[in-house]
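Enquirer: Below is one structure. I have some questions about it.
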Amino acid sequence: MERKEFMQAMIGLTTMGTLGGLKTLADALPKQSKKMPVLFTSHGSPMDIPLSKEERPFWNTLYELGKVLQTKYEIKAALVISAHWCTKGTFVNISQEQTQIYDYYGFPPEYYNVKYHAKGAPGIAQEVTKIIPSVHATEDWGLDHGAWPMLMHLIPNANIPIFQMSIDYYAKPEYHYELGKQLQSLREKGILIIGSGSLIHNLQLVGQKLQRGDYTPFGWELEYDHWIKQQLDNRNFTNIINYETSHKLGKLAAPTPDHFVPVLYSLGLMDKKDEIKHFYDHTINLPAFSERSFMLGDWS
């Protein structure tokens with residue numbers, strides 16, 4: 001599939017930019033006593049968007065996790081790195097009013113009637129551009145379906161400011177991992193950072209099966225999911241960074257980088273004291289798709 005066709009199918013919008021150097025964080029945000037955990041989460045299938053948390057176990061897991069996070073931590077804002085904001089260069093959204101983007105097409109009307117009204121965090125978003133000057137501020141985005149369907153269960157009251165940072169579609173995996181490292185300071189300042197994607201996401205293969213009404217996995221998904229879990233638990237991050245070549249199923253599981261590379265930001269944010277907790281580790285039940293989700297932090 002050509003890049004143009006892919007973007008039309010998935011988001012229909014590309015913002016342009018350039019790369020540059022890196023700088024250190026200004027002290028505009030005070031440090032907190034607790035370092036914020038980091039999430040990598042699936043944002044679920046668009047088909048599940050109208051379902052309630054009572055109907056969808058994954059939504060309920062996010063809901064329960066959100067209650068714990070908001071009880072244990074003083075969350076100033078949440079930064080989402082979504083698979084569905086792909087650009088040339090890296091951008092951060094500084095809008096106060098966050099547009100809800102329905103970047104999926106051809107669904108029944110009820111899929112477009114779901115509302116999530118979250119405010120942005122312009123001041124904190126600007127801090128990202130101070131940490132990393134090559135990240136460019138923009139108001140030309142909002143919350144896409146890599147963010148709001150997950151957030152409406154994780155933070156259902158929309159009482160925490162939310163903003164997104166884009167993924168440079170053309171960058172090497174190492175770029176995403178290193179960019180995550182540069183954001184580590186935000187963990188000490190009350191910012192919950194969420195990589196939102198899918199460790200297995202082959203849209204073409206999914207479409208072929210779903211068009212026939214076949215929702216059964218191919219079979220190889222479980223092997224790759226198990227391997228990914230092993231690499232995470234053993235801290236073999238080099239294998240995950242080199243996902244295209246480190247496993248025979250890598251290119252089949254992630255033929256395009258958009259849904260996989262959000263995990264590299266989450267791993268880049270990890271420090272030596274952090275442990276990994278797989279908060280959603282259920283059997284794969286859709287073809288060429290994974291909902292494996294984990295949280296990292298210091299639980300001592």
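Residue numbering restarts at 1 in every chain; chains get A, B, ... in the order shown in the structure tokens, and ligands count up from 1 in that same order.
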Residues of segment 17-113 of chain A within 12 Å of segment 247-270 of chain A: nearest atom pair and distance (Å, one decimal) for each, counting only C-alpha atoms, sorted by chain and number, as a tab-separated table?
Expert:
```
residue	atom	partner	partner_atom	distance
A:Lys35	CA	A:Met270	CA	11.0
A:Met36	CA	A:Leu269	CA	10.5
A:Pro37	CA	A:Met270	CA	8.9
A:Val38	CA	A:Ser266	CA	6.3
A:Leu39	CA	A:Ser266	CA	6.5
A:Phe40	CA	A:Val263	CA	5.9
A:Thr41	CA	A:Val263	CA	8.4
A:Ser42	CA	A:His259	CA	9.0
A:His43	CA	A:His259	CA	10.0
A:Gly44	CA	A:His259	CA	11.5
A:Leu79	CA	A:Ser266	CA	11.3
A:Val80	CA	A:Pro262	CA	9.2
A:Ile81	CA	A:Pro262	CA	6.1
A:Ser82	CA	A:Pro262	CA	6.7
A:Ala83	CA	A:His259	CA	4.8
A:His84	CA	A:Asp258	CA	7.1
A:Trp85	CA	A:Asp258	CA	8.4
A:Cys86	CA	A:Asp258	CA	7.0
A:Thr87	CA	A:Asp258	CA	10.1
```
Enquirer: Determine the nearest neighbour of Leu222 of chain A from the options A:Gln208, A:Ser290, A:Asn234, A:Asn239, counting only C-alpha atoms.
Expert: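 Among A:Gln208, A:Ser290, A:Asn234, A:Asn239, it is A:Ser290 that comes nearest to Leu222 of chain A.
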Enquirer: Work out how far atom CA of Tyr111 of chain A is from atom CA of Ile162 of chain A, in Å to one decimal.
Expert: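 These two atoms are separated by 21.6 Å.
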Enquirer: I need the residues of segment 22-203 of chain A that end up classed as helix (DSSP H, G or I) by DSSP on the backbone, written out as a ChimeraX atom specification.
Expert: /A:46-48,57-72,109-112,122-131,148-154,173-182,184-189,203
Enquirer: What's the 8 Å shell around Leu154 of chain A, counting only C-alpha atoms, without same-chain residues fewer than 3 positions away, as a PyMOL selection string?
Expert: chain A and resi 59+62-67+150-151
Enquirer: Print the selection's residues with N, CA and C atoms to a file, as an mmCIF file, in the first residue's frame.
Expert:
```cif
data_model
loop_
_atom_site.group_PDB
_atom_site.id
_atom_site.type_symbol
_atom_site.label_atom_id
_atom_site.label_comp_id
_atom_site.auth_asym_id
_atom_site.auth_seq_id
_atom_site.Cartn_x
_atom_site.Cartn_y
_atom_site.Cartn_z
ATOM 1 N N TRP A 59 -12.230 -2.214 28.012
ATOM 2 C CA TRP A 59 -12.643 -0.895 28.494
ATOM 3 C C TRP A 59 -12.734 -0.881 30.014
ATOM 4 N N LEU A 62 -9.294 -0.555 31.592
ATOM 5 C CA LEU A 62 -8.818 0.828 31.555
ATOM 6 C C LEU A 62 -9.510 1.678 32.612
ATOM 7 N N TYR A 63 -10.805 1.467 32.788
ATOM 8 C CA TYR A 63 -11.568 2.219 33.778
ATOM 9 C C TYR A 63 -11.018 1.982 35.186
ATOM 10 N N GLU A 64 -10.780 0.718 35.540
ATOM 11 C CA GLU A 64 -10.266 0.394 36.870
ATOM 12 C C GLU A 64 -8.846 0.925 37.046
ATOM 13 N N LEU A 65 -8.032 0.835 36.000
ATOM 14 C CA LEU A 65 -6.677 1.369 36.068
ATOM 15 C C LEU A 65 -6.704 2.883 36.271
ATOM 16 N N GLY A 66 -7.590 3.559 35.569
ATOM 17 C CA GLY A 66 -7.693 5.006 35.709
ATOM 18 C C GLY A 66 -8.037 5.427 37.127
ATOM 19 N N LYS A 67 -8.921 4.685 37.776
ATOM 20 C CA LYS A 67 -9.273 5.002 39.165
ATOM 21 C C LYS A 67 -8.057 4.892 40.081
ATOM 22 N N MET A 150 -9.808 5.333 24.129
ATOM 23 C CA MET A 150 -9.137 4.785 25.301
ATOM 24 C C MET A 150 -9.306 5.711 26.504
ATOM 25 N N LEU A 151 -9.150 7.018 26.280
ATOM 26 C CA LEU A 151 -9.225 7.978 27.381
ATOM 27 C C LEU A 151 -10.618 8.079 27.984
#
```
Enquirer: Enter the distance from atom CA of Phe163 of chain A to atom CA of Asp298 of chain A, in Å, rounded to one decimal.
Expert: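 Value for the atom CA of Phe163 of chain A-atom CA of Asp298 of chain A distance: 24.5 Å.
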Enquirer: Would you kindly return, as a VMD selection string, each protein, DNA or RNA residue with an atom no farther than 12 Å from any atom of Ala137 of chain A, considering only C-alpha atoms and excluding same-chain residues fewer than 4 positions away?
Expert: chain A and resid 15 to 18 89 to 95 122 to 130 132 to 133 141 163 to 166
Enquirer: Of the residues A:Gln70, A:Ser52, A:Ser33, A:Asn202, which is the one nearest to Ile160 of chain A, using only C-alpha atoms?
Expert: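 Looking at the shortest contact to Ile160 of chain A, the residue is A:Gln70.
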Enquirer: May I ask for the distance between atom CA of Ser196 of chain A and atom CA of Ile276 of chain A, given in Å to one decimal place?
Expert: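 These two atoms are separated by 16.2 Å.
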Enquirer: Rank A:Leu296, A:Ala147, A:Ala77, A:Val206 by their smallest atom-to-atom distance to Asp271 of chain A, using only C-alpha atoms, and report the top residue only.
Expert: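 The shortest atom-to-atom distance to Asp271 of chain A comes from A:Leu296.
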